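**Q** This is the content of final-v6.cif (mmCIF, C-alpha atoms):
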```cif
data_run
loop_
_atom_site.group_PDB
_atom_site.id
_atom_site.type_symbol
_atom_site.label_atom_id
_atom_site.label_comp_id
_atom_site.auth_asym_id
_atom_site.auth_seq_id
_atom_site.Cartn_x
_atom_site.Cartn_y
_atom_site.Cartn_z
ATOM 1 C CA MET A 1 76.875 102.030 131.971
ATOM 2 C CA LYS A 2 79.045 104.930 130.911
ATOM 3 C CA VAL A 3 82.404 104.132 129.334
ATOM 4 C CA TYR A 4 85.315 106.548 129.307
ATOM 5 C CA HIS A 5 88.156 106.022 126.852
ATOM 6 C CA LEU A 6 91.407 107.570 128.076
ATOM 7 C CA PRO A 7 94.242 107.408 125.533
ATOM 8 C CA ALA A 8 97.676 106.981 127.062
ATOM 9 C CA THR A 9 100.745 108.546 125.473
ATOM 10 C CA VAL A 10 104.337 107.334 125.592
ATOM 11 C CA ASN A 11 106.991 109.811 126.635
ATOM 12 C CA VAL A 12 109.772 108.826 124.252
ATOM 13 C CA ASP A 13 111.924 110.755 121.771
ATOM 14 C CA VAL A 14 111.093 109.159 118.417
ATOM 15 C CA LEU A 15 113.440 111.250 116.267
ATOM 16 C CA PRO A 16 116.549 109.052 116.797
ATOM 17 C CA ILE A 17 114.524 106.090 115.479
ATOM 18 C CA ILE A 18 113.159 108.129 112.558
ATOM 19 C CA GLU A 19 116.734 109.093 111.682
ATOM 20 C CA LYS A 20 117.609 105.399 111.390
ATOM 21 C CA ALA A 21 114.815 105.023 108.826
ATOM 22 C CA LEU A 22 115.778 107.942 106.566
ATOM 23 C CA ASP A 23 117.623 105.846 103.973
ATOM 24 C CA MET A 24 114.626 103.496 103.700
ATOM 25 C CA LEU A 25 112.085 106.241 103.047
ATOM 26 C CA ASP A 26 110.885 107.546 99.674
ATOM 27 C CA ASP A 27 110.730 111.243 98.901
ATOM 28 C CA GLU A 28 106.972 111.210 99.539
ATOM 29 C CA ILE A 29 105.829 109.597 102.779
ATOM 30 C CA ALA A 30 102.556 108.912 104.575
ATOM 31 C CA ILE A 31 102.790 108.939 108.371
ATOM 32 C CA VAL A 32 100.570 106.933 110.729
ATOM 33 C CA ALA A 33 100.954 106.128 114.412
ATOM 34 C CA SER A 34 99.350 104.043 117.122
ATOM 35 C CA VAL A 35 97.346 106.041 119.657
ATOM 36 C CA GLN A 36 100.230 106.085 122.158
ATOM 37 C CA HIS A 37 102.398 108.026 119.694
ATOM 38 C CA MET A 38 99.911 110.475 118.211
ATOM 39 C CA ASP A 39 101.632 113.389 119.970
ATOM 40 C CA ALA A 40 104.799 112.691 117.991
ATOM 41 C CA ILE A 41 103.350 112.896 114.473
ATOM 42 C CA ASP A 42 103.716 116.665 113.993
ATOM 43 C CA THR A 43 107.300 116.556 115.258
ATOM 44 C CA VAL A 44 108.130 113.690 112.897
ATOM 45 C CA LYS A 45 106.492 115.487 109.962
ATOM 46 C CA GLU A 46 108.533 118.640 110.583
ATOM 47 C CA PHE A 47 111.729 116.600 110.935
ATOM 48 C CA LEU A 48 111.170 114.740 107.659
ATOM 49 C CA GLU A 49 110.352 117.943 105.804
ATOM 50 C CA SER A 50 113.601 119.471 107.135
ATOM 51 C CA LYS A 51 115.349 116.555 105.414
ATOM 52 C CA GLY A 52 113.693 117.342 102.088
ATOM 53 C CA LYS A 53 110.879 114.805 102.312
ATOM 54 C CA LYS A 54 107.248 115.481 101.497
ATOM 55 C CA ALA A 55 105.336 114.059 104.445
ATOM 56 C CA THR A 56 101.576 113.739 104.958
ATOM 57 C CA SER A 57 100.010 112.789 108.283
ATOM 58 C CA TYR A 58 97.083 110.354 108.222
ATOM 59 C CA GLY A 59 96.767 110.224 111.991
ATOM 60 C CA GLN A 60 95.969 107.164 114.055
ATOM 61 C CA ILE A 61 96.291 103.644 112.657
ATOM 62 C CA LEU A 62 93.767 101.114 113.927
ATOM 63 C CA GLY A 63 93.838 97.345 113.886
ATOM 64 C CA CYS A 64 90.535 96.970 112.063
ATOM 65 C CA SER A 65 90.901 99.698 109.442
ATOM 66 C CA VAL A 66 93.639 101.376 107.423
ATOM 67 C CA PRO A 67 93.236 104.909 106.037
ATOM 68 C CA ASP A 68 93.350 105.391 102.277
ATOM 69 C CA MET A 69 96.834 106.734 101.592
ATOM 70 C CA LYS A 70 97.978 107.899 98.159
ATOM 71 C CA GLU A 71 101.681 107.558 98.975
ATOM 72 C CA ASP A 72 103.492 104.293 98.208
ATOM 73 C CA CYS A 73 105.734 104.534 101.274
ATOM 74 C CA ILE A 74 104.176 104.408 104.741
ATOM 75 C CA LEU A 75 105.997 105.319 107.943
ATOM 76 C CA CYS A 76 104.341 103.588 110.885
ATOM 77 C CA ILE A 77 105.255 104.726 114.411
ATOM 78 C CA GLY A 78 104.423 102.164 117.069
ATOM 79 C CA THR A 79 105.384 98.757 118.416
ATOM 80 C CA GLY A 80 105.022 95.177 117.241
ATOM 81 C CA GLN A 81 103.749 93.750 113.955
ATOM 82 C CA PHE A 82 99.976 94.085 114.225
ATOM 83 C CA HIS A 83 99.551 97.503 112.596
ATOM 84 C CA PRO A 84 102.168 97.149 109.818
ATOM 85 C CA LYS A 85 100.654 93.798 108.844
ATOM 86 C CA GLY A 86 97.271 95.507 108.517
ATOM 87 C CA ILE A 87 98.744 98.075 106.115
ATOM 88 C CA LEU A 88 100.458 95.382 104.053
ATOM 89 C CA LEU A 89 97.257 93.364 103.811
ATOM 90 C CA LYS A 90 95.582 96.338 102.159
ATOM 91 C CA GLY A 91 98.223 95.969 99.435
ATOM 92 C CA GLY A 92 100.517 97.984 97.207
ATOM 93 C CA LYS A 93 102.527 99.832 99.859
ATOM 94 C CA ARG A 94 106.008 99.839 101.351
ATOM 95 C CA VAL A 95 105.807 99.887 105.139
ATOM 96 C CA ILE A 96 108.636 101.231 107.281
ATOM 97 C CA VAL A 97 108.128 100.693 111.005
ATOM 98 C CA CYS A 98 109.845 102.749 113.679
ATOM 99 C CA ASP A 99 109.452 100.614 116.776
ATOM 100 C CA THR A 100 109.662 102.720 119.926
ATOM 101 C CA LEU A 101 110.088 99.638 122.103
ATOM 102 C CA THR A 102 113.055 98.040 120.316
ATOM 103 C CA GLN A 103 114.374 101.420 119.074
ATOM 104 C CA GLU A 104 114.752 99.904 115.624
ATOM 105 C CA ALA A 105 113.610 100.851 112.124
ATOM 106 C CA LYS A 106 112.581 98.021 109.836
ATOM 107 C CA GLU A 107 110.854 97.535 106.487
ATOM 108 C CA PHE A 108 107.983 95.058 106.497
ATOM 109 C CA THR A 109 107.438 93.082 103.299
ATOM 110 C CA GLU A 110 105.058 90.440 101.988
ATOM 111 C CA LYS A 111 107.325 87.804 103.558
ATOM 112 C CA ASP A 112 106.037 89.031 106.930
ATOM 113 C CA ILE A 113 102.458 88.192 105.934
ATOM 114 C CA ASP A 114 103.227 85.137 103.792
ATOM 115 C CA LYS A 115 101.350 82.714 106.053
ATOM 116 C CA ILE A 116 98.284 84.977 106.086
ATOM 117 C CA LEU A 117 98.270 85.288 102.273
ATOM 118 C CA LYS A 118 98.571 81.521 101.831
ATOM 119 C CA ARG A 119 95.750 80.910 104.321
ATOM 120 C CA LYS A 120 93.605 83.481 102.516
ATOM 121 C CA LYS A 121 94.182 81.763 99.152
ATOM 122 C CA GLY A 122 93.296 78.392 100.690
ATOM 123 C CA ALA A 123 90.110 79.802 102.235
ATOM 124 C CA LEU A 124 89.005 81.207 98.866
ATOM 125 C CA LEU A 125 89.542 77.850 97.171
ATOM 126 C CA LYS A 126 87.563 76.148 99.944
ATOM 127 C CA PHE A 127 84.735 78.678 99.577
ATOM 128 C CA TYR A 128 84.287 78.030 95.861
ATOM 129 C CA ASP A 129 84.380 74.279 96.455
ATOM 130 C CA SER A 130 81.914 74.285 99.389
ATOM 131 C CA ASP A 131 78.140 73.913 99.529
ATOM 132 C CA THR A 132 77.544 75.223 103.062
ATOM 133 C CA VAL A 133 78.758 78.651 104.157
ATOM 134 C CA GLY A 134 78.443 80.340 107.530
ATOM 135 C CA VAL A 135 78.298 84.147 107.571
ATOM 136 C CA MET A 136 79.675 85.757 110.734
ATOM 137 C CA MET A 137 77.853 88.974 111.654
ATOM 138 C CA THR A 138 78.204 91.325 114.608
ATOM 139 C CA THR A 139 75.683 93.256 116.683
ATOM 140 C CA LYS A 140 78.459 95.365 118.219
ATOM 141 C CA PRO A 141 78.238 99.087 117.332
ATOM 142 C CA GLY A 142 81.110 100.331 115.198
ATOM 143 C CA GLN A 143 81.933 97.026 113.576
ATOM 144 C CA SER A 144 81.840 96.596 109.804
ATOM 145 C CA THR A 145 78.548 94.649 109.629
ATOM 146 C CA VAL A 146 76.623 97.746 110.686
ATOM 147 C CA GLN A 147 78.868 100.021 108.612
ATOM 148 C CA GLY A 148 77.902 98.835 105.159
ATOM 149 C CA SER A 149 78.267 95.069 104.763
ATOM 150 C CA ILE A 150 74.529 94.354 104.990
ATOM 151 C CA ASP A 151 73.944 94.887 101.261
ATOM 152 C CA LYS A 152 76.853 92.581 100.407
ATOM 153 C CA ILE A 153 75.575 89.959 102.842
ATOM 154 C CA MET A 154 72.097 90.005 101.360
ATOM 155 C CA LYS A 155 73.504 89.643 97.842
ATOM 156 C CA LEU A 156 75.661 86.610 98.632
ATOM 157 C CA LYS A 157 72.858 84.184 97.786
ATOM 158 C CA ASP A 158 72.237 85.931 94.464
ATOM 159 C CA LYS A 159 75.933 85.909 93.639
ATOM 160 C CA PHE A 160 76.395 82.247 94.607
ATOM 161 C CA PRO A 161 72.950 80.634 94.119
ATOM 162 C CA THR A 162 74.154 77.024 94.444
ATOM 163 C CA LYS A 163 75.431 77.500 97.997
ATOM 164 C CA ASN A 164 73.531 77.274 101.282
ATOM 165 C CA PHE A 165 74.146 80.277 103.538
ATOM 166 C CA TYR A 166 73.608 80.348 107.304
ATOM 167 C CA TYR A 167 73.828 83.623 109.211
ATOM 168 C CA PHE A 168 75.250 83.939 112.723
ATOM 169 C CA ALA A 169 75.066 87.199 114.699
ATOM 170 C CA THR A 170 76.854 87.854 117.974
ATOM 171 C CA GLY A 171 78.125 90.713 120.082
ATOM 172 C CA SER A 172 81.261 88.858 121.176
ATOM 173 C CA LEU A 173 82.919 86.186 119.060
ATOM 174 C CA ASP A 174 84.045 82.937 120.667
ATOM 175 C CA PHE A 175 85.739 80.588 118.211
ATOM 176 C CA HIS A 176 84.911 77.603 120.398
ATOM 177 C CA GLU A 177 81.187 78.340 119.989
ATOM 178 C CA MET A 178 81.570 78.143 116.210
ATOM 179 C CA GLU A 179 82.590 74.493 116.596
ATOM 180 C CA ASN A 180 78.945 73.786 117.504
ATOM 181 C CA PHE A 181 78.138 74.101 113.789
ATOM 182 C CA PRO A 182 80.267 71.362 112.145
ATOM 183 C CA PHE A 183 78.043 71.328 109.060
ATOM 184 C CA VAL A 184 79.549 74.664 107.989
ATOM 185 C CA ASP A 185 82.376 74.081 105.514
ATOM 186 C CA VAL A 186 83.780 77.611 105.389
ATOM 187 C CA TRP A 187 83.066 80.932 107.119
ATOM 188 C CA VAL A 188 82.653 84.406 105.638
ATOM 189 C CA ASN A 189 83.598 87.101 108.124
ATOM 190 C CA THR A 190 81.770 90.459 108.106
ATOM 191 C CA MET A 191 83.031 91.527 111.534
ATOM 192 C CA CYS A 192 86.468 93.031 112.205
ATOM 193 C CA PRO A 193 88.565 92.199 109.102
ATOM 194 C CA ARG A 194 91.500 91.088 111.237
ATOM 195 C CA ILE A 195 89.417 88.081 112.318
ATOM 196 C CA GLY A 196 89.636 86.810 108.746
ATOM 197 C CA ASN A 197 93.378 87.429 108.672
ATOM 198 C CA ASP A 198 95.422 87.099 111.883
ATOM 199 C CA ASP A 199 92.854 85.392 114.125
ATOM 200 C CA ALA A 200 91.931 82.793 111.503
ATOM 201 C CA MET A 201 95.396 81.292 111.915
ATOM 202 C CA GLU A 202 94.220 79.912 115.259
ATOM 203 C CA TRP A 203 91.124 78.125 113.941
ATOM 204 C CA VAL A 204 90.555 74.822 112.159
ATOM 205 C CA LYS A 205 87.857 75.925 109.681
ATOM 206 C CA PRO A 206 88.760 78.258 106.781
ATOM 207 C CA ILE A 207 87.654 81.888 107.185
ATOM 208 C CA LEU A 208 87.719 84.640 104.593
ATOM 209 C CA ASN A 209 86.591 88.236 104.752
ATOM 210 C CA ILE A 210 83.584 89.278 102.719
ATOM 211 C CA GLY A 211 85.827 91.798 100.942
ATOM 212 C CA ASP A 212 87.976 88.952 99.629
ATOM 213 C CA LEU A 213 85.086 87.914 97.419
ATOM 214 C CA ASP A 214 85.158 91.328 95.734
ATOM 215 C CA GLU A 215 88.638 90.608 94.453
ATOM 216 C CA LYS A 216 87.391 87.844 92.191
#
```
Before anything else, please render the file you have as structure tokens.

**A**
Amino acid sequence: MKVYHLPATVNVDVLPIIEKALDMLDDEIAIVASVQHMDAIDTVKEFLESKGKKATSYGQILGCSVPDMKEDCILCIGTGQFHPKGILLKGGKRVIVCDTLTQEAKEFTEKDIDKILKRKKGALLKFYDSDTVGVMMTTKPGQSTVQGSIDKIMKLKDKFPTKNFYYFATGSLDFHEMENFPFVDVWVNTMCPRIGNDDAMEWVKPILNIGDLDEK
């Protein structure tokens, strides 16, 4: 079956919102936008440079991945909290959001992801204290398991030899199905990293991303 992806753009003047954010922005800024606002990036870049800012476009922001940006201040054009939270979770950045729906400019801080950070810390503690670990893998093309996590997955047993690892592969994750394996104490996610962050808030068993283990 052929699949056609048709991006939809939003016909809205973003410059009045960007103007509201000027006092919050550093002199050097990285710009990202959700797919609906990609057409506005060049206009925003030119506007910021006319105000004496040094602006670099990093293009589209996705839910599952955040581009590597050298700037400490990120301007995110879009709606809602999903994308700015993803940037914050990568760490070390100031995130200014220009929301085209509310017409407001706001700085997101670690307070906005406090619950996620606390859950992540709790999941790490549970992992080190557990004997039985379930590893969540995906067969879906484009997800992180097929993009480089295989080596890390295979080395988990070597890195933590006292633990028992069970491997679960699926093309579509259903949290209710995971309840069929009550012997698993904690889950290591190698699928979309947002599963181990936002989505884990909805589940009873602790979940951490495989990248979280690299931080220790």

**Q** Do you know which residues the PyMOL selection byres ((chain A and resi 5-9) around 8) returns on this file, as a ChimeraX atom specification?

**A** /A:3-4,10-11,35-39

**Q** Evaluating the PyMOL selection byres ((chain A and resi 67-79) around 8) on the displayed file yields which residues, as JSON, numbers by chain?

**A** {"A": [25, 26, 28, 29, 30, 31, 32, 33, 34, 36, 37, 58, 61, 65, 66, 80, 81, 83, 84, 92, 93, 94, 95, 96, 97, 98, 99, 100, 101, 102]}

**Q** Which residues match the PyMOL selection byres ((chain A and resi 126-133) around 7) in the file above, as number ranges by chain?

**A** A: 122-125, 134-135, 163-166, 184-187

**Q** Return the single residue from A:Val12, A:Glu104, A:Gly171, A:Asp27 that is closest to Lys54 of chain A, with distances computed using all atoms listed in the file.

**A** A:Asp27

**Q** Quick one: of A:Thr162, A:Thr109, A:Gln60, A:Thr138, who's nearest to Ile195 of chain A, counting all atoms listed in the file?

**A**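 Once distances to Ile195 of chain A are computed over all atoms listed in the file, the minimum belongs to A:Thr138.
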
**Q** Put the listed atoms of segment 75-92 of chain A in a box along x, y and z with 4 Å added on every side and give me the centre and edge lengths in Å to one decimal, as lines of an AutoDock Vina configuration file.

**A**
```
center_x = 100.8
center_y = 99.3
center_z = 107.8
size_x = 18.4
size_y = 20.0
size_z = 29.2
```

**Q** How far is it from atom CA of Leu156 of chain A to atom CA of Phe175 of chain A, in Å with one decimal?

**A**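 Computing the Euclidean distance for atom CA of Leu156 of chain A and atom CA of Phe175 of chain A yields 22.8 Å.
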
**Q** Report as a PyMOL selection string all protein, DNA and RNA residues lying within 12 Å of Asp212 of chain A, evaluated on all atoms listed in the file, omitting residues in the same chain fewer than 2 positions from it.

**A** chain A and resi 89-90+117+120-125+127+152+188-190+193+196-197+207-210+214-216
